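Novice: What follows is work_15.pdb, PDB, C-alpha atoms and all ligand atoms.
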ATOM      1  CA  MET A   1      -6.401  13.405 -19.932
ATOM      2  CA  ASP A   2      -2.993  14.420 -18.638
ATOM      3  CA  PRO A   3       0.484  14.301 -20.241
ATOM      4  CA  PHE A   4       1.154  10.940 -18.574
ATOM      5  CA  SER A   5      -2.049   9.080 -19.469
ATOM      6  CA  SER A   6      -0.475   6.949 -22.202
ATOM      7  CA  GLU A   7       2.484   6.032 -19.948
ATOM      8  CA  ARG A   8      -0.020   5.005 -17.301
ATOM      9  CA  ARG A   9      -1.881   2.801 -19.792
ATOM     10  CA  ASP A  10       1.410   1.145 -20.798
ATOM     11  CA  MET A  11       2.282   0.588 -17.126
ATOM     12  CA  VAL A  12      -1.034  -1.207 -16.575
ATOM     13  CA  GLU A  13      -0.599  -3.337 -19.690
ATOM     14  CA  THR A  14       3.060  -4.337 -19.428
ATOM     15  CA  GLN A  15       3.819  -4.259 -15.696
ATOM     16  CA  LEU A  16       0.462  -5.397 -14.291
ATOM     17  CA  ARG A  17      -1.800  -7.261 -16.724
ATOM     18  CA  ARG A  18       1.043  -9.194 -18.379
ATOM     19  CA  ARG A  19       2.412 -10.195 -14.996
ATOM     20  CA  GLY A  20      -0.878 -11.676 -13.902
ATOM     21  CA  ILE A  21      -2.861  -8.950 -12.116
ATOM     22  CA  ARG A  22      -6.474  -9.891 -12.942
ATOM     23  CA  ASP A  23      -8.723  -7.783 -10.702
ATOM     24  CA  GLU A  24     -10.295  -5.310 -13.156
ATOM     25  CA  ARG A  25     -11.087  -2.818 -10.385
ATOM     26  CA  VAL A  26      -7.415  -2.773  -9.369
ATOM     27  CA  LEU A  27      -6.308  -2.313 -12.990
ATOM     28  CA  ALA A  28      -8.807   0.538 -13.452
ATOM     29  CA  ALA A  29      -7.616   2.266 -10.259
ATOM     30  CA  MET A  30      -3.968   2.005 -11.357
ATOM     31  CA  GLU A  31      -4.911   3.493 -14.731
ATOM     32  CA  LYS A  32      -6.839   6.347 -13.111
ATOM     33  CA  VAL A  33      -4.645   7.586 -10.230
ATOM     34  CA  PRO A  34      -1.951  10.068 -11.371
ATOM     35  CA  ARG A  35       1.164   8.446  -9.868
ATOM     36  CA  HIS A  36       3.351  11.343 -11.076
ATOM     37  CA  LEU A  37       1.680  13.582  -8.464
ATOM     38  CA  PHE A  38       3.106  11.311  -5.724
ATOM     39  CA  VAL A  39       6.802  11.481  -6.687
ATOM     40  CA  PRO A  40       9.266  14.397  -6.325
ATOM     41  CA  GLU A  41       8.986  16.816  -9.233
ATOM     42  CA  ASP A  42      12.468  16.072 -10.598
ATOM     43  CA  LEU A  43      11.559  12.351 -10.818
ATOM     44  CA  GLN A  44       8.179  12.760 -12.522
ATOM     45  CA  HIS A  45       9.592  11.481 -15.814
ATOM     46  CA  ARG A  46      10.238   8.147 -14.031
ATOM     47  CA  ALA A  47       6.867   7.972 -12.243
ATOM     48  CA  TYR A  48       5.616   5.065 -14.389
ATOM     49  CA  TRP A  49       8.852   3.060 -14.438
ATOM     50  CA  ASP A  50       8.873  -0.490 -13.105
ATOM     51  CA  CYS A  51      10.629   0.313  -9.798
ATOM     52  CA  PRO A  52      10.332   2.054  -6.440
ATOM     53  CA  LEU A  53      11.503   5.710  -6.325
ATOM     54  CA  PRO A  54      12.922   7.819  -3.484
ATOM     55  CA  ILE A  55      10.478  10.213  -1.774
ATOM     56  CA  GLY A  56      12.916  11.640   0.802
ATOM     57  CA  HIS A  57      13.697  10.777   4.442
ATOM     58  CA  GLY A  58      15.215   7.449   3.314
ATOM     59  CA  GLN A  59      11.816   6.144   2.151
ATOM     60  CA  THR A  60      10.389   5.071  -1.210
ATOM     61  CA  ILE A  61       7.144   4.964  -3.158
ATOM     62  CA  SER A  62       6.587   1.250  -3.861
ATOM     63  CA  GLN A  63       6.925  -0.302  -7.327
ATOM     64  CA  PRO A  64       3.553  -0.158  -9.154
ATOM     65  CA  TYR A  65       3.336  -3.974  -9.437
ATOM     66  CA  VAL A  66       3.717  -4.419  -5.681
ATOM     67  CA  VAL A  67       0.914  -1.918  -4.998
ATOM     68  CA  ALA A  68      -1.385  -3.678  -7.482
ATOM     69  CA  LEU A  69      -0.542  -7.141  -6.131
ATOM     70  CA  THR A  70      -1.218  -6.029  -2.549
ATOM     71  CA  CYS A  71      -4.569  -4.515  -3.541
ATOM     72  CA  GLU A  72      -5.565  -7.640  -5.475
ATOM     73  CA  LEU A  73      -4.641  -9.893  -2.539
ATOM     74  CA  LEU A  74      -6.800  -7.733  -0.230
ATOM     75  CA  GLU A  75      -9.935  -8.692  -2.279
ATOM     76  CA  LEU A  76     -11.527  -5.292  -1.667
ATOM     77  CA  SER A  77     -15.125  -4.311  -2.177
ATOM     78  CA  SER A  78     -16.479  -0.789  -2.433
ATOM     79  CA  THR A  79     -18.017  -0.811   1.063
ATOM     80  CA  ASP A  80     -14.824  -1.917   2.880
ATOM     81  CA  SER A  81     -13.046   0.094   5.541
ATOM     82  CA  VAL A  82      -9.285  -0.234   5.176
ATOM     83  CA  LEU A  83      -6.223   0.487   7.301
ATOM     84  CA  ASP A  84      -3.072   1.411   5.328
ATOM     85  CA  ILE A  85       0.212   1.402   7.263
ATOM     86  CA  GLY A  86       3.247   3.271   5.924
ATOM     87  CA  THR A  87       1.572   6.132   4.033
ATOM     88  CA  GLY A  88       4.839   7.413   2.508
ATOM     89  CA  SER A  89       3.856   9.443  -0.561
ATOM     90  CA  GLY A  90       0.165   8.532  -0.154
ATOM     91  CA  TYR A  91       0.067   6.702  -3.512
ATOM     92  CA  ALA A  92      -1.021   3.279  -2.228
ATOM     93  CA  ALA A  93      -3.658   4.998  -0.073
ATOM     94  CA  ALA A  94      -4.992   6.758  -3.181
ATOM     95  CA  ILE A  95      -5.293   3.422  -5.003
ATOM     96  CA  LEU A  96      -7.004   1.823  -1.986
ATOM     97  CA  ALA A  97      -9.353   4.818  -1.882
ATOM     98  CA  GLU A  98     -10.603   3.917  -5.384
ATOM     99  CA  LEU A  99     -11.364   0.363  -4.271
ATOM    100  CA  ALA A 100     -12.929   0.789  -0.816
ATOM    101  CA  ALA A 101     -15.172   3.198   1.100
ATOM    102  CA  HIS A 102     -12.851   4.714   3.680
ATOM    103  CA  ILE A 103      -9.096   4.542   4.299
ATOM    104  CA  ILE A 104      -7.177   5.343   7.459
ATOM    105  CA  SER A 105      -3.499   5.652   6.591
ATOM    106  CA  ILE A 106      -0.788   5.784   9.262
ATOM    107  CA  GLU A 107       2.746   7.172   8.826
ATOM    108  CA  ARG A 108       5.387   7.539  11.551
ATOM    109  CA  LEU A 109       7.408  10.393   9.991
ATOM    110  CA  PRO A 110       5.634  13.774  10.375
ATOM    111  CA  GLU A 111       7.315  15.210   7.234
ATOM    112  CA  LEU A 112       5.813  12.417   5.127
ATOM    113  CA  VAL A 113       2.383  12.825   6.750
ATOM    114  CA  GLN A 114       2.323  16.386   5.430
ATOM    115  CA  LEU A 115       3.686  15.352   2.030
ATOM    116  CA  ALA A 116       1.040  12.623   1.688
ATOM    117  CA  ARG A 117      -1.798  14.962   2.709
ATOM    118  CA  ASP A 118      -0.636  17.482   0.082
ATOM    119  CA  ASN A 119      -0.278  14.780  -2.608
ATOM    120  CA  LEU A 120      -3.710  13.279  -1.865
ATOM    121  CA  ALA A 121      -5.331  16.714  -2.008
ATOM    122  CA  ALA A 122      -3.600  17.475  -5.326
ATOM    123  CA  ALA A 123      -4.918  14.170  -6.704
ATOM    124  CA  GLY A 124      -8.459  15.028  -5.550
ATOM    125  CA  CYS A 125      -8.681  12.124  -3.127
ATOM    126  CA  ASN A 126     -11.026  12.820  -0.218
ATOM    127  CA  ASN A 127     -11.749   9.489   1.493
ATOM    128  CA  VAL A 128      -8.296   9.012   3.078
ATOM    129  CA  GLU A 129      -7.501  10.160   6.620
ATOM    130  CA  VAL A 130      -3.724  10.347   7.255
ATOM    131  CA  GLN A 131      -2.591  10.003  10.878
ATOM    132  CA  CYS A 132       0.890  10.324  12.393
ATOM    133  CA  ALA A 133       1.473   7.331  14.693
ATOM    134  CA  ASP A 134       3.176   3.961  15.108
ATOM    135  CA  GLY A 135       1.241   1.789  12.663
ATOM    136  CA  THR A 136       2.498  -1.476  14.164
ATOM    137  CA  LEU A 137      -0.170  -0.900  16.819
ATOM    138  CA  GLY A 138      -2.867  -0.379  14.181
ATOM    139  CA  CYS A 139      -5.698   2.028  14.916
ATOM    140  CA  PRO A 140      -7.679   0.581  17.861
ATOM    141  CA  ASP A 141     -10.154   3.498  17.884
ATOM    142  CA  GLU A 142     -11.374   2.733  14.352
ATOM    143  CA  ALA A 143     -10.988  -1.086  14.371
ATOM    144  CA  PRO A 144     -12.053  -3.606  13.208
ATOM    145  CA  PHE A 145     -11.162  -3.342   9.502
ATOM    146  CA  ASP A 146     -12.143  -5.372   6.445
ATOM    147  CA  ALA A 147      -8.576  -5.121   5.174
ATOM    148  CA  ILE A 148      -5.148  -3.948   6.343
ATOM    149  CA  ALA A 149      -2.221  -3.180   3.990
ATOM    150  CA  VAL A 150       1.309  -2.713   5.328
ATOM    151  CA  ALA A 151       3.958  -1.126   3.069
ATOM    152  CA  ALA A 152       7.007  -1.785   5.269
ATOM    153  CA  ALA A 153       8.528  -5.078   6.407
ATOM    154  CA  ALA A 154       8.081  -6.503   9.910
ATOM    155  CA  PRO A 155      10.079  -9.241  11.666
ATOM    156  CA  ASP A 156       6.774 -11.001  12.515
ATOM    157  CA  VAL A 157       3.082 -10.365  11.889
ATOM    158  CA  PRO A 158       2.122  -7.723  14.493
ATOM    159  CA  VAL A 159      -0.390  -9.235  16.940
ATOM    160  CA  SER A 160      -2.234  -5.892  17.200
ATOM    161  CA  LEU A 161      -2.951  -5.902  13.461
ATOM    162  CA  LYS A 162      -4.386  -9.440  13.468
ATOM    163  CA  ALA A 163      -6.587  -8.437  16.381
ATOM    164  CA  GLN A 164      -7.993  -5.493  14.370
ATOM    165  CA  LEU A 165      -9.312  -7.627  11.470
ATOM    166  CA  LYS A 166     -13.025  -8.313  11.135
ATOM    167  CA  ASP A 167     -14.041 -11.945  10.737
ATOM    168  CA  GLY A 168     -13.274 -12.626   7.070
ATOM    169  CA  GLY A 169     -10.782  -9.708   7.059
ATOM    170  CA  ARG A 170      -7.472  -9.758   5.146
ATOM    171  CA  LEU A 171      -4.027  -8.445   6.145
ATOM    172  CA  VAL A 172      -1.233  -8.211   3.539
ATOM    173  CA  LEU A 173       2.311  -7.427   4.630
ATOM    174  CA  PRO A 174       5.965  -8.262   4.026
ATOM    175  CA  VAL A 175       7.467 -10.358   6.843
ATOM    176  CA  GLY A 176      11.034 -11.550   7.230
ATOM    177  CA  PRO A 177      13.738 -12.589   9.655
ATOM    178  CA  SER A 178      16.205  -9.881   8.564
ATOM    179  CA  ARG A 179      15.863  -6.295   7.398
ATOM    180  CA  HIS A 180      16.641  -7.400   3.822
ATOM    181  CA  LEU A 181      14.909 -10.793   3.385
ATOM    182  CA  GLN A 182      11.137 -10.838   3.277
ATOM    183  CA  ASP A 183       8.115 -12.700   1.939
ATOM    184  CA  LEU A 184       4.808 -11.101   1.096
ATOM    185  CA  VAL A 185       2.220 -12.747   3.345
ATOM    186  CA  ARG A 186      -1.592 -12.678   3.468
ATOM    187  CA  VAL A 187      -3.296 -13.416   6.771
ATOM    188  CA  ARG A 188      -7.042 -14.070   6.654
ATOM    189  CA  ARG A 189      -9.205 -14.113   9.751
ATOM    190  CA  THR A 190     -11.778 -16.875   9.219
ATOM    191  CA  SER A 191     -15.420 -16.659  10.231
ATOM    192  CA  LYS A 192     -14.485 -18.778  13.273
ATOM    193  CA  GLY A 193     -11.950 -16.138  14.358
ATOM    194  CA  ASP A 194      -8.787 -18.157  13.653
ATOM    195  CA  PHE A 195      -6.111 -17.200  11.091
ATOM    196  CA  ARG A 196      -4.998 -18.668   7.761
ATOM    197  CA  THR A 197      -1.682 -17.537   6.255
ATOM    198  CA  ASP A 198      -0.554 -17.695   2.588
ATOM    199  CA  ASN A 199       3.006 -16.970   1.499
ATOM    200  CA  LEU A 200       3.234 -15.157  -1.848
ATOM    201  CA  GLY A 201       7.026 -15.130  -2.239
ATOM    202  CA  GLY A 202      10.082 -12.880  -1.970
ATOM    203  CA  VAL A 203       9.895  -9.063  -1.879
ATOM    204  CA  ALA A 204      12.087  -6.136  -0.729
ATOM    205  CA  TYR A 205      10.572  -3.373   1.422
ATOM    206  CA  VAL A 206      11.888  -0.701   3.792
ATOM    207  CA  PRO A 207      11.664  -1.725   7.473
ATOM    208  CA  LEU A 208       8.549  -1.275   9.616
ATOM    209  CA  VAL A 209       9.906   0.595  12.645
ATOM    210  CA  GLY A 210       7.900   0.505  15.860
ATOM    211  CA  ALA A 211       6.722  -1.303  18.976
ATOM    212  CA  GLU A 212       5.723  -4.454  17.031
ATOM    213  CA  GLY A 213       8.278  -3.948  14.256
ATOM    214  CA  TRP A 214      12.034  -3.274  14.084
ATOM    215  CA  ALA A 215      13.878  -1.043  16.570
ATOM    216  CA  ASP A 216      14.676   2.478  15.272
TER     217      ASP A 216
HETATM  218  N1  LIG A 301       2.696   3.137   0.629
HETATM  219  C1  LIG A 301       3.797   4.057   0.419
HETATM  220  C2  LIG A 301       5.127   3.361   0.567
HETATM  221  C3  LIG A 301       5.967   4.047   1.567
HETATM  222  S1  LIG A 301       7.416   3.190   2.119
HETATM  223  C4  LIG A 301       3.646   4.795  -0.892
HETATM  224  O1  LIG A 301       2.743   4.442  -1.658
HETATM  225  O2  LIG A 301       4.376   5.745  -1.143
HETATM  226  C5  LIG A 301       6.935   2.720   3.757
HETATM  227  C6  LIG A 301       6.594   3.815   4.721
HETATM  228  O3  LIG A 301       6.368   3.181   5.993
HETATM  229  C7  LIG A 301       7.676   4.857   4.985
HETATM  230  O4  LIG A 301       7.157   6.115   4.705
HETATM  231  C8  LIG A 301       7.995   4.710   6.471
HETATM  232  O5  LIG A 301       8.296   5.941   7.123
HETATM  233  C9  LIG A 301       6.702   4.106   6.995
HETATM  234  N2  LIG A 301       6.781   3.390   8.273
HETATM  235  C10 LIG A 301       7.776   2.601   8.753
HETATM  236  N3  LIG A 301       7.435   2.126   9.975
HETATM  237  C11 LIG A 301       6.205   2.619  10.265
HETATM  238  C12 LIG A 301       5.314   2.490  11.381
HETATM  239  N4  LIG A 301       5.608   1.748  12.450
HETATM  240  N5  LIG A 301       4.130   3.136  11.328
HETATM  241  C13 LIG A 301       3.795   3.912  10.265
HETATM  242  N6  LIG A 301       4.592   4.073   9.191
HETATM  243  C14 LIG A 301       5.790   3.435   9.188
END
Can the structure from this file be put into structure tokens for me?
Ligand code: SAH
Specialist:
Amino acid sequence: MDPFSSERRDMVETQLRRRGIRDERVLAAMEKVPRHLFVPEDLQHRAYWDCPLPIGHGQTISQPYVVALTCELLELSSTDSVLDIGTGSGYAAAILAELAAHIISIERLPELVQLARDNLAAAGCNNVEVQCADGTLGCPDEAPFDAIAVAAAAPDVPVSLKAQLKDGGRLVLPVGPSRHLQDLVRVRRTSKGDFRTDNLGGVAYVPLVGAEGWAD
């Protein structure tokens, strides 16, 4: 038990379950991981609010619902290996770590890499490896992955990320023609090696900056 456990239960009930998140493993992970350890200390009282929060360097920790929706869409099982792009605070990586076997998480800003490593250690999470790199290129050394989650918006689906999915693998990311207009998209690599795309509707993310993303 911690001082925020009842707020966390309310978050799961009102922001997630009531809005249609059904995957019980996702709901359990969101109830377990202490989100307040992933936000700046002076914002801890807002950690379980229904919104993104600033984490410094112009970046945000995503709204809880968006993290849960992404994880549900990834259809994770406990043996999966997952690539998480846009580590930020490390919160989404910590949720993914409850749902899969091993997570590689990539962040481009060195200050946030350190912050995320500290946050993950404080939360007792030990199956996430945080790397500092351009995540638009994925992680060729560790590919292929069962699932890839991207927490920043790209102009198009990065070709490198599609190429790093296993057959049957899932990629969830926001994609849009401008830095402010995006749809959440799931790309599934079929057993025949081609791709099926579902559009899940409008979202607002910070930009994915890199070789297969937006210019800096
Ligand atoms: N999943 C995070 C959300 C962070 S916001 C959390 O739970 O807190 C998105 C993050 O993507 C930012 O930290 C930003 O610096 C990072 N980012 C943007 N472009 C990137 C790229 N090409 N590779 C890796 N990280 C990137």
Novice: What does the distance between CA of Leu43 (chain A) and CA of Gly58 (chain A) come to in Å, to one decimal place?
Specialist: 15.4 Å
Novice: Please, which residues have at least one atom within 7 Å of an atom of ligand LIG 301 (chain A), using only C-alpha atoms and all ligand atoms, listed as number ranges by chain?
Specialist: A: 59-62, 85-93, 106-109, 112, 133-136, 151-152, 206-210, 213
Novice: Please determine an axis-aligned box that encloses all atoms of region 77-88 of chain A listed in the file, with 8 Å added on each side, and express its centre and edge lengths in Å to one decimal as JSON.
Specialist:
{"center_x": -6.6, "center_y": 1.6, "center_z": 2.4, "size_x": 38.9, "size_y": 27.7, "size_z": 25.7}
Novice: Name all residues at most 9 Å from Ser5 (chain A) (count all atoms listed in the file; drop same-chain ones fewer than 3 positions away) and give them as a ChimeraX atom specification.
Specialist: /A:1-2,8-10,31-32,34
Novice: What is the CA of Phe38 (chain A) to CA of Ile55 (chain A) distance in Å?
Specialist: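 Atom-to-atom, CA of Phe38 (chain A) to CA of Ile55 (chain A), that is 8.4 Å.
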Novice: Quick one: residues within 10 Å of Glu111 (chain A), all atoms listed in the file counted, chain neighbours fewer than 5 positions away excluded, as an MDAnalysis selection string?
Specialist: chainID A and resid 56:57 88 116 132
Novice: Counting all atoms listed in the file, which of A:Val130, A:Leu181, A:Leu83, A:Val187 gets nearest to Val150 (chain A)?
Specialist: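 Ranking A:Val130, A:Leu181, A:Leu83, A:Val187 by distance to Val150 (chain A), first place goes to A:Leu83.
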Novice: Counting all atoms listed in the file, figure out which residue out of A:Ala123, A:Val82, A:Val185, A:Val66 gets nearest to Ala154 (chain A).
Specialist: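 Between A:Ala123, A:Val82, A:Val185, A:Val66, the residue approaching Ala154 (chain A) most closely is A:Val185.
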Novice: Evaluate the PyMOL selection byres (((chain A and resi 179) around 8) and not hetatm) and record the selected residues as a VMD selection string, following the chain and residue labels used in the document.
Specialist: chain A and resid 153 155 176 to 178 180 to 182 206 to 207
Novice: Could you tell me how far CA of Leu53 (chain A) lies from CA of Ala149 (chain A), in Å and to one decimal?
Specialist: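 Between these atoms lies a distance of 19.3 Å.
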Novice: Counting all atoms listed in the file, what is within 9 Å of Tyr48 (chain A), bar same-chain residues fewer than 5 positions away, as a short mmCIF file (atom, residue, chain, number, x, y, z; two decimals) with C-alpha atoms, in the frame of the given file?
Specialist:
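out_14.cif, written as the output of this step:
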data_model
loop_
_atom_site.label_atom_id
_atom_site.label_comp_id
_atom_site.auth_asym_id
_atom_site.auth_seq_id
_atom_site.Cartn_x
_atom_site.Cartn_y
_atom_site.Cartn_z
CA PHE A 4 1.15 10.94 -18.57
CA GLU A 7 2.48 6.03 -19.95
CA ARG A 8 -0.02 5.00 -17.30
CA ASP A 10 1.41 1.14 -20.80
CA MET A 11 2.28 0.59 -17.13
CA ARG A 35 1.16 8.45 -9.87
CA HIS A 36 3.35 11.34 -11.08
CA GLN A 63 6.92 -0.30 -7.33
CA PRO A 64 3.55 -0.16 -9.15
#
Novice: Select, from A:Leu200, A:Ala29, A:Ile95, A:Ile103, the residue with the minimum atom-to-atom distance to Ser81 (chain A), counting all atoms listed in the file.
Specialist: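 For Ser81 (chain A), the nearest of the candidates is A:Ile103.
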Novice: Return the single residue from A:Ala94, A:Gln164, A:Leu73, A:Ser105 that is closest to Gly124 (chain A), with distances computed using all atoms listed in the file.
Specialist: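 Closest candidate: A:Ala94.
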Novice: Using the chain letters and numbering of this document, enumerate as a short mmCIF file (atom, residue, chain, number, x, y, z; two decimals) with C-alpha atoms, in the frame of the given file the residues selected by the PyMOL selection byres (((chain A and resi 79) around 10) and not hetatm).
Specialist:
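Output (expr-v2.cif):
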data_model
loop_
_atom_site.label_atom_id
_atom_site.label_comp_id
_atom_site.auth_asym_id
_atom_site.auth_seq_id
_atom_site.Cartn_x
_atom_site.Cartn_y
_atom_site.Cartn_z
CA LEU A 76 -11.53 -5.29 -1.67
CA SER A 77 -15.12 -4.31 -2.18
CA SER A 78 -16.48 -0.79 -2.43
CA ASP A 80 -14.82 -1.92 2.88
CA SER A 81 -13.05 0.09 5.54
CA VAL A 82 -9.28 -0.23 5.18
CA LEU A 99 -11.36 0.36 -4.27
CA ALA A 100 -12.93 0.79 -0.82
CA ALA A 101 -15.17 3.20 1.10
CA HIS A 102 -12.85 4.71 3.68
CA ASP A 146 -12.14 -5.37 6.44
#
Novice: Would you pick out the contacts of Phe195 (chain A) at 10 Å or less, using all atoms listed in the file, so that residues sharing its chain but fewer than 6 positions from it are not included, and give the list as a list in words?
Specialist: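 The residues satisfying every condition are Lys162, Asp167, Gly168, Gly169, Arg170, Arg186, Val187, Arg188 and Arg189 of chain A.
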Novice: Just checking: using all atoms listed in the file, which residue out of A:Ile21, A:Leu184, A:Leu37, A:Ala68 ends up closest to Cys125 (chain A)?
Specialist: A:Leu37
Novice: Restricting the calculation to only C-alpha atoms: of A:Arg19, A:Ala204, A:Val39, A:Glu72, which residue gets closest to Leu120 (chain A)?
Specialist: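 That would be A:Val39, the residue with the smallest distance to Leu120 (chain A).
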Novice: Mind rebuilding region 4-23 of chain A with N, CA, C and O atoms and writing that out as a compact mmCIF listing (two decimals), in the coordinates of the input?
Specialist:
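The result, stored in part-v3.txt:
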# COMPACT_ATOMS: atom_id res chain seq x y z
N PHE A 4 0.62 12.26 -18.90
CA PHE A 4 1.15 10.94 -18.57
C PHE A 4 0.16 9.81 -18.83
O PHE A 4 0.43 8.67 -18.49
N SER A 5 -1.02 10.13 -19.40
CA SER A 5 -2.05 9.08 -19.47
C SER A 5 -1.63 7.89 -20.33
O SER A 5 -1.95 6.74 -20.00
N SER A 6 -0.86 8.11 -21.39
CA SER A 6 -0.48 6.95 -22.20
C SER A 6 0.61 6.13 -21.49
O SER A 6 0.61 4.90 -21.57
N GLU A 7 1.49 6.79 -20.75
CA GLU A 7 2.48 6.03 -19.95
C GLU A 7 1.78 5.18 -18.90
O GLU A 7 2.19 4.06 -18.59
N ARG A 8 0.71 5.74 -18.35
CA ARG A 8 -0.02 5.00 -17.30
C ARG A 8 -0.71 3.77 -17.91
O ARG A 8 -0.72 2.71 -17.31
N ARG A 9 -1.25 3.94 -19.10
CA ARG A 9 -1.88 2.80 -19.79
C ARG A 9 -0.85 1.71 -20.08
O ARG A 9 -1.09 0.53 -19.87
N ASP A 10 0.34 2.12 -20.54
CA ASP A 10 1.41 1.14 -20.80
C ASP A 10 1.82 0.43 -19.52
O ASP A 10 2.08 -0.77 -19.52
N MET A 11 1.92 1.19 -18.42
CA MET A 11 2.28 0.59 -17.13
C MET A 11 1.29 -0.53 -16.78
O MET A 11 1.68 -1.63 -16.39
N VAL A 12 0.00 -0.22 -16.93
CA VAL A 12 -1.03 -1.21 -16.58
C VAL A 12 -0.90 -2.44 -17.47
O VAL A 12 -0.96 -3.58 -17.00
N GLU A 13 -0.67 -2.22 -18.76
CA GLU A 13 -0.60 -3.34 -19.69
C GLU A 13 0.65 -4.19 -19.45
O GLU A 13 0.55 -5.40 -19.27
N THR A 14 1.82 -3.55 -19.42
CA THR A 14 3.06 -4.34 -19.43
C THR A 14 3.50 -4.76 -18.03
O THR A 14 3.97 -5.87 -17.85
N GLN A 15 3.32 -3.91 -17.04
CA GLN A 15 3.82 -4.26 -15.70
C GLN A 15 2.79 -5.03 -14.87
O GLN A 15 3.16 -5.77 -13.98
N LEU A 16 1.50 -4.82 -15.15
CA LEU A 16 0.46 -5.40 -14.29
C LEU A 16 -0.28 -6.54 -14.98
O LEU A 16 -0.22 -7.69 -14.55
N ARG A 17 -0.99 -6.23 -16.07
CA ARG A 17 -1.80 -7.26 -16.72
C ARG A 17 -0.93 -8.43 -17.19
O ARG A 17 -1.22 -9.58 -16.90
N ARG A 18 0.19 -8.12 -17.85
CA ARG A 18 1.04 -9.19 -18.38
C ARG A 18 1.68 -10.02 -17.29
O ARG A 18 2.10 -11.15 -17.52
N ARG A 19 1.83 -9.44 -16.11
CA ARG A 19 2.41 -10.20 -15.00
C ARG A 19 1.36 -10.90 -14.14
O ARG A 19 1.69 -11.42 -13.10
N GLY A 20 0.10 -10.83 -14.57
CA GLY A 20 -0.88 -11.68 -13.90
C GLY A 20 -1.85 -10.97 -12.98
O GLY A 20 -2.66 -11.63 -12.33
N ILE A 21 -1.83 -9.64 -12.91
CA ILE A 21 -2.86 -8.95 -12.12
C ILE A 21 -4.18 -9.06 -12.91
O ILE A 21 -4.23 -8.67 -14.07
N ARG A 22 -5.22 -9.59 -12.25
CA ARG A 22 -6.47 -9.89 -12.94
C ARG A 22 -7.65 -9.04 -12.49
O ARG A 22 -8.64 -8.92 -13.21
N ASP A 23 -7.58 -8.50 -11.27
CA ASP A 23 -8.72 -7.78 -10.70
C ASP A 23 -8.95 -6.49 -11.50
O ASP A 23 -8.13 -5.56 -11.45
